[in-house]
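File shown: coords_36.cif (mmCIF, C-alpha atoms and all ligand atoms).
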```cif
data_work
loop_
_atom_site.label_atom_id
_atom_site.label_comp_id
_atom_site.auth_asym_id
_atom_site.auth_seq_id
_atom_site.Cartn_x
_atom_site.Cartn_y
_atom_site.Cartn_z
CA MET A 1 -9.96 -29.88 16.43
CA TYR A 2 -13.33 -31.26 17.62
CA LYS A 3 -14.85 -27.77 17.58
CA LEU A 4 -13.49 -27.19 14.11
CA VAL A 5 -15.06 -30.41 12.79
CA LEU A 6 -18.35 -29.60 14.53
CA GLY A 7 -18.32 -26.12 13.03
CA VAL A 8 -17.76 -27.51 9.54
CA VAL A 9 -20.59 -30.03 10.00
CA LEU A 10 -22.97 -27.31 11.24
CA THR A 11 -22.01 -25.01 8.40
CA VAL A 12 -22.54 -27.71 5.78
CA THR A 13 -25.84 -28.67 7.43
CA LEU A 14 -27.12 -25.11 7.40
CA ALA A 15 -25.87 -24.54 3.87
CA CYS A 16 -27.75 -27.59 2.62
CA ASN A 17 -30.91 -26.50 4.48
CA VAL A 18 -31.52 -30.07 5.58
CA LYS A 19 -35.03 -30.62 6.96
CA LYS A 20 -34.84 -31.72 10.56
CA ILE A 21 -36.05 -35.05 11.91
CA ALA A 22 -37.58 -34.95 15.37
CA PRO A 23 -35.82 -37.04 18.06
CA THR A 24 -37.81 -40.00 19.35
CA GLU A 25 -38.85 -40.29 23.00
CA GLU A 26 -36.34 -43.16 23.33
CA GLN A 27 -33.55 -40.90 22.09
CA LEU A 28 -34.57 -38.24 24.58
CA GLU A 29 -34.60 -40.68 27.52
CA THR A 30 -31.37 -40.25 29.44
CA THR A 31 -32.06 -41.98 32.77
CA VAL A 32 -33.40 -45.40 33.68
CA PRO A 33 -36.33 -44.87 36.10
CA PRO A 34 -36.80 -47.25 39.03
CA ALA A 35 -39.32 -50.09 38.78
CA ILE A 36 -42.85 -49.26 39.99
CA ILE A 37 -44.00 -51.07 43.13
CA HIS A 38 -47.63 -50.91 44.29
CA GLY A 39 -47.26 -50.95 48.06
CA GLU A 40 -50.88 -51.92 48.73
CA HIS A 41 -50.31 -55.18 46.88
CA LEU A 42 -47.35 -56.31 48.95
CA GLY A 43 -47.74 -59.02 51.58
CA ILE A 44 -49.93 -62.10 51.57
CA ALA A 45 -52.28 -62.21 48.57
CA PRO A 46 -56.07 -62.24 49.30
CA THR A 47 -57.80 -65.60 49.04
CA THR A 48 -61.42 -64.42 48.60
CA PRO A 49 -62.95 -62.03 45.98
CA GLU A 50 -64.53 -59.83 48.71
CA GLU A 51 -61.14 -58.78 50.06
CA THR A 52 -60.44 -56.82 46.87
CA GLU A 53 -63.93 -55.26 46.40
CA TYR A 54 -64.72 -51.72 47.65
CA TYR A 55 -68.08 -49.90 48.09
CA LEU A 56 -66.89 -46.43 49.09
CA PRO A 57 -66.41 -43.71 48.02
CA LYS A 58 -69.59 -43.46 45.95
CA VAL A 59 -69.03 -42.49 42.34
CA PRO A 60 -70.93 -39.31 41.28
CA SER A 61 -73.44 -39.71 38.46
CA VAL A 62 -73.33 -37.70 35.25
CA THR A 63 -76.09 -37.82 32.67
CA VAL A 64 -75.56 -36.95 29.03
CA GLN A 65 -77.95 -34.97 26.86
CA ASN A 66 -77.18 -34.13 23.23
CA SER A 67 -73.70 -35.57 23.88
CA ILE A 68 -73.02 -32.95 26.59
CA PRO A 69 -72.33 -34.16 30.16
CA SER A 70 -74.60 -32.70 32.83
CA ASP A 71 -71.66 -31.33 34.83
CA ALA A 72 -70.15 -29.46 31.86
CA ILE A 73 -69.99 -25.68 31.53
CA ILE A 74 -71.26 -24.76 28.07
CA LEU A 75 -68.82 -22.13 26.79
CA PHE A 76 -70.38 -21.61 23.37
CA ASN A 77 -73.74 -22.83 22.12
CA GLY A 78 -74.05 -20.59 19.07
CA LYS A 79 -76.29 -17.98 20.67
CA ASN A 80 -73.87 -15.45 22.14
CA PHE A 81 -70.33 -14.73 23.32
CA ASP A 82 -71.30 -14.41 26.99
CA HIS A 83 -68.40 -16.58 28.18
CA TRP A 84 -65.74 -14.90 26.00
CA VAL A 85 -63.76 -11.67 25.66
CA GLN A 86 -61.06 -10.32 23.37
CA THR A 87 -57.70 -11.37 24.83
CA VAL A 88 -55.91 -8.09 24.25
CA ASP A 89 -58.20 -5.84 26.29
CA SER A 90 -61.05 -7.98 27.72
CA THR A 91 -63.61 -6.13 25.58
CA SER A 92 -66.60 -7.71 23.83
CA VAL A 93 -65.83 -10.35 21.22
CA LYS A 94 -65.42 -8.99 17.68
CA TRP A 95 -65.56 -12.38 15.92
CA HIS A 96 -68.53 -13.25 13.69
CA LEU A 97 -71.56 -14.91 15.28
CA ASN A 98 -73.17 -16.95 12.50
CA ASN A 99 -76.81 -17.93 12.22
CA ASP A 100 -75.97 -21.66 12.01
CA GLY A 101 -74.83 -21.87 15.63
CA SER A 102 -71.15 -21.27 14.90
CA MET A 103 -68.64 -18.45 15.16
CA THR A 104 -65.88 -17.49 12.74
CA VAL A 105 -62.58 -15.70 13.34
CA ALA A 106 -62.86 -12.04 12.32
CA ASP A 107 -59.47 -11.54 10.72
CA LYS A 108 -56.95 -9.39 12.56
CA THR A 109 -59.28 -8.66 15.47
CA GLY A 110 -57.16 -10.78 17.81
CA ASN A 111 -57.51 -13.89 19.94
CA ILE A 112 -60.51 -14.50 22.15
CA GLN A 113 -60.54 -16.26 25.52
CA THR A 114 -62.89 -17.45 28.20
CA LYS A 115 -63.77 -15.10 31.05
CA GLN A 116 -63.35 -18.01 33.43
CA ASP A 117 -60.02 -19.62 34.27
CA PHE A 118 -59.52 -23.37 34.33
CA GLY A 119 -56.88 -25.79 35.56
CA ASP A 120 -57.24 -29.51 34.92
CA LEU A 121 -60.00 -29.99 32.39
CA GLN A 122 -61.83 -32.02 29.80
CA LEU A 123 -62.65 -29.81 26.81
CA HIS A 124 -64.79 -30.45 23.75
CA LEU A 125 -64.87 -28.14 20.76
CA GLU A 126 -65.66 -28.38 17.08
CA TRP A 127 -63.90 -26.48 14.32
CA ARG A 128 -64.01 -26.17 10.55
CA SER A 129 -61.68 -24.87 7.87
CA PRO A 130 -63.24 -22.80 5.08
CA LYS A 131 -64.04 -24.82 1.96
CA GLU A 132 -62.17 -22.51 -0.38
CA ILE A 133 -58.39 -22.92 -0.26
CA ARG A 134 -56.53 -19.88 1.01
CA LYS A 135 -52.73 -19.73 1.04
CA LYS A 136 -50.51 -22.66 2.07
CA GLU A 137 -48.43 -24.29 4.80
CA GLN A 138 -48.88 -22.47 8.16
CA ASN A 139 -51.17 -19.90 6.54
CA ARG A 140 -53.91 -22.30 5.40
CA ALA A 141 -56.73 -22.01 7.93
CA ASN A 142 -54.45 -21.72 10.95
CA SER A 143 -56.02 -21.32 14.36
CA GLY A 144 -55.48 -23.12 17.61
CA VAL A 145 -56.80 -23.72 21.07
CA PHE A 146 -54.53 -22.64 23.92
CA ILE A 147 -55.10 -24.56 27.13
CA ASN A 148 -54.41 -22.62 30.31
CA GLY A 149 -53.85 -19.69 27.91
CA LEU A 150 -50.33 -21.07 27.30
CA TYR A 151 -50.27 -24.40 25.51
CA GLU A 152 -51.41 -24.49 21.89
CA ILE A 153 -53.00 -27.44 20.19
CA GLN A 154 -52.75 -26.65 16.50
CA ILE A 155 -55.71 -26.22 14.18
CA LEU A 156 -54.73 -26.22 10.49
CA ASN A 157 -55.95 -27.36 7.08
CA ASN A 158 -53.33 -29.99 6.18
CA HIS A 159 -55.10 -31.44 3.17
CA ASP A 160 -52.46 -31.47 0.41
CA ASN A 161 -50.62 -28.99 2.55
CA ASP A 162 -47.41 -30.17 4.15
CA THR A 163 -45.75 -28.16 6.88
CA TYR A 164 -43.39 -28.97 9.74
CA VAL A 165 -44.96 -32.00 11.39
CA ASN A 166 -44.68 -30.67 14.93
CA GLY A 167 -46.83 -27.74 13.77
CA GLN A 168 -49.45 -29.61 11.78
CA VAL A 169 -53.06 -30.20 12.73
CA GLY A 170 -53.31 -32.03 16.08
CA ALA A 171 -49.77 -31.11 17.15
CA VAL A 172 -48.95 -29.77 20.57
CA TYR A 173 -47.26 -26.88 18.83
CA LYS A 174 -43.53 -27.53 18.31
CA GLN A 175 -43.52 -30.18 21.06
CA HIS A 176 -45.46 -33.27 20.04
CA ILE A 177 -46.20 -34.57 16.53
CA PRO A 178 -49.72 -36.06 16.28
CA LEU A 179 -49.88 -39.85 16.00
CA VAL A 180 -52.03 -39.57 12.87
CA ASN A 181 -53.79 -36.91 10.82
CA ALA A 182 -57.49 -37.58 11.49
CA SER A 183 -58.87 -34.49 9.71
CA ALA A 184 -62.36 -34.47 8.27
CA PRO A 185 -62.71 -33.45 4.59
CA VAL A 186 -62.16 -29.73 3.98
CA GLY A 187 -65.25 -27.76 4.87
CA SER A 188 -66.54 -30.44 7.28
CA TRP A 189 -66.66 -30.12 11.03
CA ASN A 190 -63.89 -31.62 13.17
CA SER A 191 -64.07 -32.38 16.87
CA TYR A 192 -61.30 -32.04 19.44
CA ASP A 193 -61.68 -33.75 22.81
CA ILE A 194 -58.87 -32.72 25.12
CA VAL A 195 -57.84 -33.86 28.59
CA TYR A 196 -55.38 -31.52 30.28
CA ARG A 197 -53.54 -31.95 33.54
CA ALA A 198 -51.75 -28.81 34.65
CA PRO A 199 -48.06 -28.78 35.55
CA ILE A 200 -47.13 -28.60 39.24
CA PHE A 201 -44.62 -26.07 40.56
CA ASN A 202 -42.80 -26.00 43.88
CA ARG A 203 -42.60 -23.02 46.24
CA LYS A 204 -39.58 -21.72 44.39
CA GLY A 205 -41.63 -21.60 41.20
CA GLU A 206 -39.79 -24.54 39.65
CA LYS A 207 -41.74 -27.12 37.67
CA ILE A 208 -41.66 -30.48 39.46
CA THR A 209 -44.34 -32.32 37.47
CA ALA A 210 -44.98 -31.72 33.77
CA GLY A 211 -48.51 -30.99 32.60
CA THR A 212 -50.01 -33.48 30.17
CA ILE A 213 -52.28 -33.39 27.13
CA THR A 214 -54.43 -36.11 25.64
CA LEU A 215 -56.22 -35.29 22.39
CA LEU A 216 -58.85 -37.16 20.40
CA HIS A 217 -59.32 -35.71 16.92
CA ASN A 218 -62.66 -36.84 15.49
CA GLY A 219 -62.62 -39.60 18.12
CA VAL A 220 -59.13 -40.78 17.09
CA LEU A 221 -56.29 -40.66 19.61
CA VAL A 222 -53.63 -38.28 18.28
CA GLN A 223 -51.90 -37.17 21.52
CA ASP A 224 -51.51 -39.85 24.18
CA HIS A 225 -50.98 -38.23 27.57
CA VAL A 226 -47.93 -36.35 26.30
CA PRO A 227 -45.85 -34.23 28.72
CA LEU A 228 -45.86 -30.47 28.19
CA LYS A 229 -42.32 -29.17 27.97
CA GLY A 230 -43.39 -25.59 28.64
CA THR A 231 -45.17 -22.89 26.67
CA THR A 232 -45.62 -23.50 22.94
CA GLU A 233 -43.36 -20.83 21.49
CA TYR A 234 -43.17 -19.90 17.80
CA ILE A 235 -39.52 -18.88 18.27
CA GLY A 236 -37.28 -20.06 21.09
CA TRP A 237 -37.44 -22.68 23.83
CA PRO A 238 -40.58 -23.45 25.84
CA LYS A 239 -40.91 -21.40 29.02
CA ASN A 240 -41.82 -22.81 32.42
CA LYS A 241 -42.79 -19.86 34.57
CA ALA A 242 -45.01 -20.96 37.46
CA HIS A 243 -48.72 -20.37 36.88
CA GLY A 244 -52.15 -21.20 38.23
CA LYS A 245 -55.40 -21.59 36.34
CA GLY A 246 -55.83 -19.77 33.04
CA PRO A 247 -58.33 -19.14 30.25
CA ILE A 248 -59.10 -21.25 27.21
CA LEU A 249 -57.97 -19.19 24.24
CA LEU A 250 -58.88 -19.41 20.53
CA GLN A 251 -56.37 -18.05 18.03
CA ASP A 252 -56.74 -15.40 15.33
CA HIS A 253 -53.68 -16.17 13.18
CA LYS A 254 -54.24 -12.86 11.36
CA ASP A 255 -53.98 -14.27 7.84
CA ASN A 256 -57.63 -14.59 6.81
CA SER A 257 -57.91 -18.09 8.29
CA GLY A 258 -61.71 -18.26 8.05
CA VAL A 259 -61.77 -20.93 10.77
CA SER A 260 -65.12 -21.48 12.52
CA PHE A 261 -66.01 -22.99 15.90
CA ARG A 262 -69.13 -24.42 17.49
CA ASN A 263 -70.34 -26.54 20.40
CA ILE A 264 -67.68 -25.81 23.04
CA TRP A 265 -68.02 -27.21 26.55
CA VAL A 266 -65.66 -27.93 29.39
CA ARG A 267 -65.59 -30.03 32.56
CA ALA A 268 -63.29 -28.98 35.37
CA LEU A 269 -61.44 -32.04 36.67
MG MG A 301 -52.17 -22.00 15.32
#
```
How does this structure look as structure tokens?
Ligand code: MG
Amino acid sequence: MYKLVLGVVLTVTLACNVKKIAPTEEQLETTVPPAIIHGEHLGIAPTTPEETEYYLPKVPSVTVQNSIPSDAIILFNGKNFDHWVQTVDSTSVKWHLNNDGSMTVADKTGNIQTKQDFGDLQLHLEWRSPKEIRKKEQNRANSGVFINGLYEIQILNNHDNDTYVNGQVGAVYKQHIPLVNASAPVGSWNSYDIVYRAPIFNRKGEKITAGTITLLHNGVLVQDHVPLKGTTEYIGWPKNKAHGKGPILLQDHKDNSGVSFRNIWVRAL
């Protein structure tokens, strides 16, 4: 009887084509975690300020020039594609190198990715949708940056262009809805600042700690240390096959996106 009722409900739901509402984190929480105890703070409390002041280890210094940290690897400065290859066959990049210090997706040439692999990282990149409006929903200036070659942070023109919210600009694709849409006006440059911590796998290849993503879009927090649930699949569940470091990948969505990029740098963490 229960199955029959469930079947009727599902059928009616599908027939009505109801748009889905994402579950909240509270709804997803199924266990009550234990309280956190900081062991170093147990025992008799210090009575002088010096007892809680440390001088080692020394903190390394980083200087900043033109907003780029001195320990960053500059992946794209507008002059060449030296750090990049086509994903499909590791050949030279076929995207357009513009004379204003940017690059633009060459439609249907495929994704590009860094030659170097990265694990935990801080990544800065800037992107821009073309000023003229092309298509709609997921086909309006769709690109994306894949961290570790596996986890897509969506790039999309969402001005007057609704789509599923877990696939809109600033989403961790089909996993985390952005907190806000912080897009710059169409045709203006946007910045993404990303902090990624890679997932940890045990010897059996099972994931024991989820990776995390933090994203600032134009300086605005849109992803707050969210846990990666696996790969960001278009169809199907996220996958959690064990992996090490991987490339940073930029997407050719193959629908004349016209998306441009500039000023890309990364710090390994
Ligand atoms: Mg995309």
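Taking only C-alpha atoms and all ligand atoms into account, ligand MG 301 (chain A) lies nearest to A:Gln154 out of the set A:Gln154, A:Asn218, A:Asn190, A:Gln175.
With the cut-off set to 7 Å and all atoms listed in the file counted, the residues surrounding ligand MG 301 (chain A) are Asn142, Ser143, Gly144, Gln154, Ile155, Leu156, Gln251 and His253 of chain A.
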Got a sec: who's within 7 Å of A:Ser191, counting only C-alpha atoms, leaving out chain neighbours fewer than 6 positions off, as a PDB file with C-alpha atoms, in the frame of the given file?
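Writing done, so here's out.pdb:
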```
ATOM      1  CA  LEU A 125     -64.870 -28.140  20.760  1.00  0.00           C
ATOM      2  CA  GLU A 126     -65.660 -28.380  17.080  1.00  0.00           C
ATOM      3  CA  TRP A 127     -63.900 -26.480  14.320  1.00  0.00           C
ATOM      4  CA  HIS A 217     -59.320 -35.710  16.920  1.00  0.00           C
ATOM      5  CA  ASN A 218     -62.660 -36.840  15.490  1.00  0.00           C
TER       6      ASN A 218
END
```
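When atom CA of A:His159 is paired with atom CA of A:Lys20, their separation reads 21.6 Å.
You can rank A:Asn139, A:Ser90, A:Asn166, A:Thr231 by their closest distance to A:Ile21 using all atoms listed in the file, and at the top of that list sits A:Asn166.
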